[in-house]
Every structure is written in structure tokens, then in C-alpha cells.
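So this block is protein.txt, compact mmCIF, C-alpha atoms:
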# COMPACT_ATOMS: atom_id res chain seq x y z
CA MET A 1 139.94 -31.92 136.01
CA ARG A 2 141.06 -29.95 132.96
CA TYR A 3 137.52 -28.77 132.28
CA ARG A 4 137.10 -27.72 135.92
CA ALA A 5 140.30 -25.70 135.66
CA LEU A 6 139.01 -24.11 132.47
CA SER A 7 135.77 -23.18 134.24
CA VAL A 8 137.73 -21.49 137.02
CA VAL A 9 139.71 -19.48 134.46
CA ILE A 10 136.49 -18.37 132.75
CA LEU A 11 134.95 -17.28 136.06
CA LEU A 12 138.06 -15.30 136.96
CA LEU A 13 138.02 -13.60 133.59
CA LEU A 14 134.34 -12.75 133.85
CA SER A 15 134.65 -11.34 137.37
CA GLY A 16 136.26 -8.19 135.97
CA CYS A 17 133.02 -7.34 134.13
CA GLU A 18 134.88 -5.39 131.44
CA MET A 19 134.94 -6.61 127.85
CA ALA A 20 138.73 -6.33 127.65
CA THR A 21 139.27 -8.87 130.45
CA PHE A 22 138.13 -11.73 128.23
CA LYS A 23 140.94 -11.20 125.72
CA SER A 24 143.26 -13.56 127.59
CA LYS A 25 143.87 -16.70 125.56
CA PHE A 26 143.36 -20.20 126.90
CA ASP A 27 143.05 -23.63 125.36
CA TYR A 28 139.33 -23.85 124.66
CA SER A 29 140.01 -27.11 122.77
CA GLN A 30 140.22 -28.93 126.13
CA LYS A 31 136.45 -29.34 126.11
CA SER A 32 135.22 -32.22 123.97
CA TRP A 33 132.13 -34.40 123.64
CA SER A 34 131.65 -38.13 123.17
CA VAL A 35 130.81 -39.51 119.74
CA PRO A 36 127.14 -40.23 120.63
CA THR A 37 126.68 -36.78 122.21
CA MET A 38 128.25 -35.00 119.23
CA ALA A 39 126.06 -36.99 116.83
CA ARG A 40 123.01 -35.83 118.77
CA LEU A 41 124.24 -32.23 118.84
CA LYS A 42 124.85 -32.26 115.09
CA SER A 43 121.26 -33.35 114.57
CA ASP A 44 119.69 -30.99 117.11
CA LEU A 45 121.83 -27.95 116.26
CA LYS A 46 120.94 -27.94 112.59
CA GLY A 47 118.37 -25.47 111.34
CA ASN A 48 117.20 -24.28 107.94
CA ILE A 49 115.12 -21.27 107.06
CA ASP A 50 112.74 -20.98 104.14
CA SER A 51 111.89 -17.38 103.32
CA SER A 52 110.84 -15.48 100.22
CA LEU A 53 113.04 -12.61 101.42
CA LEU A 54 116.18 -14.47 102.51
CA GLY A 55 115.85 -17.70 100.55
CA ASP A 56 116.12 -21.33 101.63
CA TYR A 57 119.46 -22.15 103.26
CA LEU A 58 121.14 -23.82 106.23
CA ALA A 59 121.34 -21.12 108.90
CA VAL A 60 122.73 -23.14 111.84
CA ARG A 61 125.05 -26.13 111.96
CA ILE A 62 127.97 -27.69 113.84
CA ALA A 63 131.30 -27.05 112.11
CA GLU A 64 133.40 -29.91 110.79
CA ASP A 65 135.88 -29.40 113.64
CA GLU A 66 133.04 -30.27 116.09
CA ARG A 67 134.06 -27.35 118.32
CA HIS A 68 132.14 -24.46 116.75
CA LEU A 69 128.53 -23.60 116.08
CA VAL A 70 128.23 -21.95 112.66
CA ILE A 71 125.59 -19.24 112.26
CA SER A 72 125.01 -18.00 108.72
CA LEU A 73 123.26 -14.86 107.44
CA PRO A 74 122.77 -13.69 103.83
CA ALA A 75 125.03 -10.67 103.26
CA PRO A 76 124.53 -9.06 99.83
CA ASN A 77 127.14 -6.38 100.58
CA LEU A 78 130.06 -8.86 100.71
CA PHE A 79 132.09 -9.25 97.53
CA GLN A 80 135.14 -11.29 98.53
CA ASN A 81 136.09 -14.04 100.96
CA TRP A 82 137.78 -13.02 104.20
CA GLU A 83 138.18 -14.25 107.76
CA ARG A 84 138.74 -12.44 111.07
CA GLU A 85 139.24 -13.57 114.62
CA ILE A 86 137.18 -11.99 117.40
CA PRO A 87 139.72 -11.30 120.16
CA GLU A 88 137.07 -10.58 122.80
CA LEU A 89 135.76 -14.15 122.41
CA PRO A 90 138.74 -16.54 122.20
CA GLY A 91 138.24 -19.15 119.51
CA ALA A 92 135.45 -17.22 117.75
CA LYS A 93 135.84 -15.95 114.21
CA ILE A 94 133.78 -14.37 111.47
CA LYS A 95 133.94 -15.31 107.79
CA ALA A 96 132.69 -13.77 104.57
CA ILE A 97 131.76 -16.56 102.17
CA ILE A 98 131.04 -16.16 98.45
CA LYS A 99 129.49 -19.38 97.16
CA GLN A 100 129.63 -20.84 93.66
CA ASP A 101 126.21 -19.39 92.82
CA GLU A 102 127.69 -15.98 93.81
CA LYS A 103 125.43 -15.67 96.85
CA SER A 104 127.31 -14.20 99.81
CA PHE A 105 126.99 -15.02 103.50
CA LEU A 106 128.41 -13.83 106.79
CA GLU A 107 129.26 -16.80 109.00
CA LEU A 108 130.00 -16.70 112.71
CA TYR A 109 132.08 -19.60 114.05
CA TYR A 110 131.10 -19.56 117.72
CA PRO A 111 132.93 -21.96 120.08
CA LEU A 112 130.58 -24.44 121.71
CA TYR A 113 132.16 -23.83 125.11
CA LEU A 114 130.86 -20.24 125.03
CA LEU A 115 127.30 -21.54 124.89
CA ILE A 116 127.76 -22.92 128.42
CA THR A 117 129.65 -19.88 129.74
CA ASP A 118 127.94 -17.49 132.16
CA PHE A 119 128.25 -13.87 130.99
CA SER A 120 125.75 -12.48 133.50
CA LYS A 121 128.33 -10.13 135.06
CA TRP A 122 129.12 -8.49 131.74
CA LYS A 123 127.60 -5.18 130.76
CA SER A 124 124.57 -5.76 128.54
CA SER A 125 123.31 -3.66 125.65
CA LYS A 126 120.24 -3.38 123.44
CA LEU A 127 120.05 -2.94 119.68
CA PRO A 128 122.04 0.03 118.31
CA SER A 129 118.69 1.84 117.89
CA GLY A 130 118.05 1.48 121.63
CA HIS A 131 115.19 -0.96 121.13
CA PRO A 132 115.12 -4.29 123.01
CA ILE A 133 116.68 -7.27 121.25
CA PRO A 134 113.85 -9.52 120.05
CA GLY A 135 114.07 -13.13 121.15
CA ILE A 136 116.40 -12.42 124.09
CA SER A 137 115.26 -12.31 127.72
CA ASN A 138 115.11 -8.74 129.08
CA GLY A 139 115.82 -7.50 125.55
CA GLN A 140 119.54 -7.07 126.14
CA ALA A 141 122.78 -9.04 126.29
CA PRO A 142 126.57 -8.59 126.26
CA SER A 143 127.79 -7.73 122.78
CA VAL A 144 130.76 -7.21 120.48
CA SER A 145 130.51 -5.01 117.36
CA PHE A 146 132.82 -4.66 114.37
CA ASP A 147 132.88 -3.09 110.92
CA ILE A 148 132.02 -5.14 107.84
CA ASP A 149 132.90 -2.26 105.52
CA LYS A 150 132.86 1.55 105.66
CA GLU A 151 129.08 1.70 106.02
CA HIS A 152 127.96 -1.59 107.55
CA LYS A 153 128.50 -3.20 110.93
CA ALA A 154 127.82 -6.52 112.57
CA THR A 155 127.11 -7.14 116.25
CA ILE A 156 127.27 -10.41 118.16
CA PHE A 157 125.01 -10.76 121.20
CA PHE A 158 125.74 -13.60 123.60
CA ASN A 159 124.93 -15.14 126.95
CA LYS A 160 124.65 -18.61 128.37
CA GLY A 161 122.57 -20.65 125.93
CA VAL A 162 122.01 -17.60 123.72
CA VAL A 163 123.79 -16.18 120.70
CA GLY A 164 122.63 -13.66 118.13
CA VAL A 165 124.12 -11.95 115.08
CA LEU A 166 122.90 -8.55 113.88
CA LEU A 167 123.97 -7.54 110.38
CA ASN A 168 123.35 -4.19 108.66
CA VAL A 169 122.16 -4.65 105.08
CA PRO A 170 122.29 -2.28 102.08
CA TYR A 171 118.50 -2.26 101.74
CA ASP A 172 115.53 -1.39 103.91
CA PRO A 173 113.54 -4.51 104.91
CA LEU A 174 110.54 -2.11 105.33
CA LEU A 175 108.59 -4.55 107.49
CA ALA A 176 109.52 -6.13 110.82
CA MET A 177 109.19 -9.86 110.17
CA THR A 178 109.90 -12.98 112.21
CA ILE A 179 111.21 -15.99 110.29
CA PRO A 180 111.44 -19.22 112.31
CA ILE A 181 114.51 -21.44 112.17
CA LYS A 182 113.56 -25.07 111.80
CA ASN A 183 114.26 -27.41 114.73
CA LYS A 184 112.85 -24.70 117.05
CA LEU A 185 116.27 -23.15 117.63
CA GLY A 186 115.23 -19.52 117.29
CA ASN A 187 114.27 -16.92 114.71
CA ILE A 188 115.55 -14.46 112.16
CA TYR A 189 114.14 -10.95 112.50
CA THR A 190 114.09 -8.22 109.87
CA ILE A 191 114.61 -4.72 111.26
CA PRO A 192 113.48 -1.76 109.12
CA LYS A 193 115.65 1.32 108.71
CA GLU A 194 115.03 3.88 111.44
CA GLY A 195 116.50 7.38 111.34
CA SER A 196 120.25 7.14 110.86
CA GLU A 197 120.24 3.41 111.68
CA LEU A 198 120.47 1.15 108.62
CA GLY A 199 118.11 -1.73 108.07
CA ALA A 200 119.30 -5.05 109.46
CA ILE A 201 118.66 -8.74 109.84
CA LEU A 202 119.09 -10.42 113.20
CA LEU A 203 119.43 -14.13 113.92
CA VAL A 204 118.86 -15.16 117.54
CA LEU A 205 119.31 -18.67 118.93
CA ASN A 206 117.89 -19.75 122.29
CA LEU A 207 119.08 -23.26 122.98
CA PRO A 208 116.49 -25.60 124.50
CA GLN A 209 117.20 -27.35 127.78
CA ASN A 210 117.99 -30.74 126.23
CA ILE A 211 120.79 -29.23 124.13
CA MET A 212 122.20 -27.33 127.11
CA LYS A 213 122.25 -30.53 129.16
CA ALA A 214 124.12 -32.32 126.37
CA LEU A 215 126.69 -29.51 126.14
CA GLU A 216 127.22 -29.31 129.89
CA GLY A 217 126.99 -32.98 130.70
CA GLU A 218 130.49 -34.12 129.74
When written as C-alpha cells, how does the structure in this file appear?
Amino acid sequence: MRYRALSVVILLLLSGCEMATFKSKFDYSQKSWSVPTMARLKSDLKGNIDSSLLGDYLAVRIAEDERHLVISLPAPNLFQNWEREIPELPGAKIKAIIKQDEKSFLELYYPLYLLITDFSKWKSSKLPSGHPIPGISNGQAPSVSFDIDKEHKATIFFNKGVVGVLLNVPYDPLLAMTIPIKNKLGNIYTIPKEGSELGAILLVLNLPQNIMKALEGE
């Protein structure tokens, strides 16, 4: 019953179609999954990449709190740890992580309940350059953007079963490349600099049907 009530609240919030309407807070922690289901999700929602450009690292995982999906991107322009909430997406937050080997990453903590939320009534957008978003149906999706520093931005694209993170980088990738995420969860795309738009890397996840059924089934 609690989850049904939560679903009604989400639908009411989405009916306004404006980004600001989703700022209302509610207890997203009401949704939980059984031990066997969570064990399966932890296995299925775990993906490494192995790239000469970006390195070999764990790009996707379930957080220790078992309520967030963590999406990680190399971010060479980050020099200290910080954390911010994303008010448009209750429960979501972004972290800058400097690891012991001094490699830096931008990590999105994306609530699992948002992966089964329908955002189809929200206004969709393409990449800042105006090009379609690779790896996303129709090349566009609802989005939230924010500054990383004075020169660089990050954008989160999201829809039911889909989440992507676009990060400006302080170098030009030069070539448009597609780097697969293991476990067939999605891809990382490199986006060359174009005009006034900085180069970027984009991670897009498209969850397969078996994972969506596990998320929705309880």
C-alpha cells in the first residue's frame, strides 16, 4: 500500500510537466527489495569498462545502502572531494571523489526508484550542441544540468529504465568513440569539441527487461 501511495504521488508530481514540480520531498526509502532480488540486482547492475582512453574501472554498481545506482565517470578536472544533492530528483546526489592513486571521478548516486518512474510527460532535450543523445531512444530525454566549476558542466539525462551522465572534460577527445560497459548495460561515448561546446564524455545506461522486472516486481 505504501508503494502504491508513493506511485500516486509521483504521478501527481509529473503531471505538472515542469521541472520545478518534482522538487517536493517524499520518503523514497519506502521502496525496498527482498534479499534474493537485491543480490541479483547487485550482480546484474555491475559493469566495468576497459579503455585505453578512460582506463579500466567499475563504472556502474549498486551503492552500499542498496537504494542507489552509482554511475562513475573519470573527471580529471576535479581536485577535491565534495558532495551535492540534486533537488530536482529527490534522493539523488553527485559526488567528486579523489582516490588514493589521485585519480578523480564524478559519481552520480541515482535512486533506484527513479529507474521505474515514468518521466514521459517531462520536457525532453538533446545534447547541449543540439545533436541527438546517443544510446537514447529518439535522441532526447528529460535532463538536469549543473556547474562542476567555472568552465565545466555536467548534465543528467533520465527516463524510465534510462539514465545518462554527460560531463565536460578539459581536453578534446578528438574522435567520437563508443566504449561498451560490460554486462551489456550501455555505453560510454566520447564527444569531440565542437564550436564553443567543450569536449565531453557521456555514459548512457539502458536497463534490460529482466532488470526492470526485478525493480518493479516488489
Go through segment 97-135 of chain A residue by residue and, counting all atoms listed in the file, keep those with an atom at most 9 Å from segment 198-207 of chain A; for each kept residue give the shortest atom pair and its distance in Å to one decimal, ordered by chain and increasing number, as a Markdown table.
| residue | atom | partner | partner_atom | distance |
| --- | --- | --- | --- | --- |
| A:Leu115 | CA | A:Leu207 | CA | 8.6 |
| A:Ile133 | CA | A:Leu202 | CA | 9.0 |
| A:Pro134 | CA | A:Val204 | CA | 8.0 |
| A:Gly135 | CA | A:Val204 | CA | 6.3 |
Give me, as a Markdown table, each residue of segment 62-118 of chain A that comes within 12 Å of segment 163-169 of chain A, together with its shortest interatomic pair and the distance in Å at one decimal, counting only C-alpha atoms, with rows ordered by chain and rising residue number.
| residue | atom | partner | partner_atom | distance |
| --- | --- | --- | --- | --- |
| A:Leu69 | CA | A:Val163 | CA | 9.9 |
| A:Val70 | CA | A:Val163 | CA | 10.8 |
| A:Ile71 | CA | A:Val165 | CA | 8.0 |
| A:Ser72 | CA | A:Val165 | CA | 8.8 |
| A:Leu73 | CA | A:Leu167 | CA | 7.9 |
| A:Pro74 | CA | A:Leu167 | CA | 9.1 |
| A:Ala75 | CA | A:Val169 | CA | 6.9 |
| A:Pro76 | CA | A:Val169 | CA | 7.3 |
| A:Asn77 | CA | A:Val169 | CA | 6.9 |
| A:Leu78 | CA | A:Val169 | CA | 10.0 |
| A:Ile94 | CA | A:Val165 | CA | 10.6 |
| A:Phe105 | CA | A:Leu167 | CA | 10.6 |
| A:Leu106 | CA | A:Leu167 | CA | 8.5 |
| A:Glu107 | CA | A:Val165 | CA | 9.3 |
| A:Leu108 | CA | A:Val165 | CA | 7.9 |
| A:Tyr109 | CA | A:Val165 | CA | 11.1 |
| A:Tyr110 | CA | A:Val163 | CA | 8.6 |
| A:Pro111 | CA | A:Val163 | CA | 10.8 |
| A:Leu112 | CA | A:Val163 | CA | 10.7 |
| A:Leu114 | CA | A:Val163 | CA | 9.2 |
| A:Leu115 | CA | A:Val163 | CA | 7.7 |
| A:Ile116 | CA | A:Val163 | CA | 11.0 |
| A:Thr117 | CA | A:Val163 | CA | 11.4 |
Would you mind exporting the chosen residues as a PDB file, keeping the file's coordinate frame, restricted to C-alpha atoms?
ATOM      1  CA  LEU A  69     128.530 -23.600 116.080  1.00  0.00           C
ATOM      2  CA  VAL A  70     128.230 -21.950 112.660  1.00  0.00           C
ATOM      3  CA  ILE A  71     125.590 -19.240 112.260  1.00  0.00           C
ATOM      4  CA  SER A  72     125.010 -18.000 108.720  1.00  0.00           C
ATOM      5  CA  LEU A  73     123.260 -14.860 107.440  1.00  0.00           C
ATOM      6  CA  PRO A  74     122.770 -13.690 103.830  1.00  0.00           C
ATOM      7  CA  ALA A  75     125.030 -10.670 103.260  1.00  0.00           C
ATOM      8  CA  PRO A  76     124.530  -9.060  99.830  1.00  0.00           C
ATOM      9  CA  ASN A  77     127.140  -6.380 100.580  1.00  0.00           C
ATOM     10  CA  LEU A  78     130.060  -8.860 100.710  1.00  0.00           C
ATOM     11  CA  ILE A  94     133.780 -14.370 111.470  1.00  0.00           C
ATOM     12  CA  PHE A 105     126.990 -15.020 103.500  1.00  0.00           C
ATOM     13  CA  LEU A 106     128.410 -13.830 106.790  1.00  0.00           C
ATOM     14  CA  GLU A 107     129.260 -16.800 109.000  1.00  0.00           C
ATOM     15  CA  LEU A 108     130.000 -16.700 112.710  1.00  0.00           C
ATOM     16  CA  TYR A 109     132.080 -19.600 114.050  1.00  0.00           C
ATOM     17  CA  TYR A 110     131.100 -19.560 117.720  1.00  0.00           C
ATOM     18  CA  PRO A 111     132.930 -21.960 120.080  1.00  0.00           C
ATOM     19  CA  LEU A 112     130.580 -24.440 121.710  1.00  0.00           C
ATOM     20  CA  LEU A 114     130.860 -20.240 125.030  1.00  0.00           C
ATOM     21  CA  LEU A 115     127.300 -21.540 124.890  1.00  0.00           C
ATOM     22  CA  ILE A 116     127.760 -22.920 128.420  1.00  0.00           C
ATOM     23  CA  THR A 117     129.650 -19.880 129.740  1.00  0.00           C
TER      24      THR A 117
END
Discussion item. I'd like the neighbourhood of Asn48 of chain A as a count of residues only, where a residue qualifies if any of its atoms comes within 8 Å (using only C-alpha atoms), though same-chain residues fewer than 6 positions away should be ignored.
Written reply: 7
Practice prompt. Place a sphere of radius 12 Å on (124.1, -32.1, 115.8) in the file coordinates and name every protein, DNA or RNA residue with an atom inside or on its surface, counting all atoms listed in the file; give the answer as an MDAnalysis selection string.
Written response: chainID A and resid 33 35:47 60:64 66:70 112 183 211 214:215
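Interatomic distance, atom CA of Pro128 of chain A against atom CA of Ile148 of chain A: 15.4 Å.
With all atoms listed in the file as the atoms that count, the minimum distance from Pro87 of chain A to the choices A:Ile179, A:Glu151, A:Val144, A:Lys160 is reached by A:Val144.
Here atom CA of Ser52 of chain A is placed at a distance of 27.8 Å from atom CA of Lys126 of chain A.
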Discussion item. Show me, as number ranges by chain, the residues that have an atom within 9 Å of Trp82 of chain A when counting all atoms listed in the file, minus same-chain residues fewer than 4 positions from it.
Written reply: A: 94-97
I need the chosen residues saved as a PDB file, in the coordinates of the input, with C-alpha atoms.
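That gives us out_20.pdb:
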ATOM      1  CA  ILE A  94     133.780 -14.370 111.470  1.00  0.00           C
ATOM      2  CA  LYS A  95     133.940 -15.310 107.790  1.00  0.00           C
ATOM      3  CA  ALA A  96     132.690 -13.770 104.570  1.00  0.00           C
ATOM      4  CA  ILE A  97     131.760 -16.560 102.170  1.00  0.00           C
TER       5      ILE A  97
END
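Taking atom CA of Gly139 of chain A and atom CA of Gln209 of chain A as the two end points, the separation is 20.0 Å.
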Fill in: Long-range neighbours of Lys93 of chain A as a list in words, 6 Å cut-off, only C-alpha atoms, 3 positions minimum in chain
Arg84, Glu85, Ile86 and Tyr109 of chain A
Fill in: Pick from A:Gln100, A:Ser34, A:Asn81, A:Thr155 nearest to Ser125 of chain A, counting only C-alpha atoms
A:Thr155
Practice prompt. Would you please work out which residue, of A:Gly217, A:Gly161, A:Ser51, A:Phe79, is nearest to Asp149 of chain A when using all atoms listed in the file?
Written response: A:Phe79
Worksheet entry | For Ser129 of chain A: contacts at 10 Å, all atoms listed in the file, fewer than 5 positions along chain excluded, given as a ChimeraX atom specification | /A:193-198
Write only N, CA, C and O atoms for segment 100-111 of chain A from the block just shown, as a short mmCIF file (atom, residue, chain, number, x, y, z; two decimals), in the first residue's frame.
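Saved to part_8.cif:
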data_model
loop_
_atom_site.label_atom_id
_atom_site.label_comp_id
_atom_site.auth_asym_id
_atom_site.auth_seq_id
_atom_site.Cartn_x
_atom_site.Cartn_y
_atom_site.Cartn_z
N GLN A 100 42.93 7.18 -3.78
CA GLN A 100 44.28 7.15 -3.22
C GLN A 100 45.35 7.26 -4.29
O GLN A 100 46.44 7.78 -4.03
N ASP A 101 45.06 6.78 -5.50
CA ASP A 101 46.04 6.90 -6.58
C ASP A 101 45.95 8.26 -7.27
O ASP A 101 46.56 8.47 -8.31
N GLU A 102 45.15 9.18 -6.67
CA GLU A 102 44.97 10.56 -7.13
C GLU A 102 44.14 10.66 -8.41
O GLU A 102 44.02 11.74 -8.98
N LYS A 103 43.54 9.57 -8.85
CA LYS A 103 42.61 9.64 -9.96
C LYS A 103 41.28 10.18 -9.43
O LYS A 103 40.86 9.85 -8.33
N SER A 104 40.63 11.02 -10.23
CA SER A 104 39.39 11.66 -9.78
C SER A 104 38.21 11.19 -10.62
O SER A 104 38.33 10.95 -11.83
N PHE A 105 37.05 11.09 -9.95
CA PHE A 105 35.84 10.60 -10.61
C PHE A 105 34.65 11.45 -10.17
O PHE A 105 34.59 11.93 -9.04
N LEU A 106 33.71 11.59 -11.08
CA LEU A 106 32.40 12.15 -10.76
C LEU A 106 31.44 10.99 -10.62
O LEU A 106 31.32 10.16 -11.53
N GLU A 107 30.75 10.91 -9.48
CA GLU A 107 29.84 9.80 -9.23
C GLU A 107 28.42 10.31 -9.01
O GLU A 107 28.20 11.19 -8.18
N LEU A 108 27.50 9.76 -9.76
CA LEU A 108 26.08 10.04 -9.58
C LEU A 108 25.46 8.93 -8.75
O LEU A 108 25.57 7.76 -9.10
N TYR A 109 24.83 9.31 -7.63
CA TYR A 109 24.06 8.37 -6.82
C TYR A 109 22.59 8.57 -7.20
O TYR A 109 21.96 9.55 -6.81
N TYR A 110 22.08 7.64 -7.99
CA TYR A 110 20.75 7.77 -8.59
C TYR A 110 19.80 6.79 -7.93
O TYR A 110 20.01 5.57 -8.00
N PRO A 111 18.75 7.28 -7.25
CA PRO A 111 17.85 6.38 -6.53
C PRO A 111 17.24 5.33 -7.46
O PRO A 111 16.80 5.64 -8.57
#
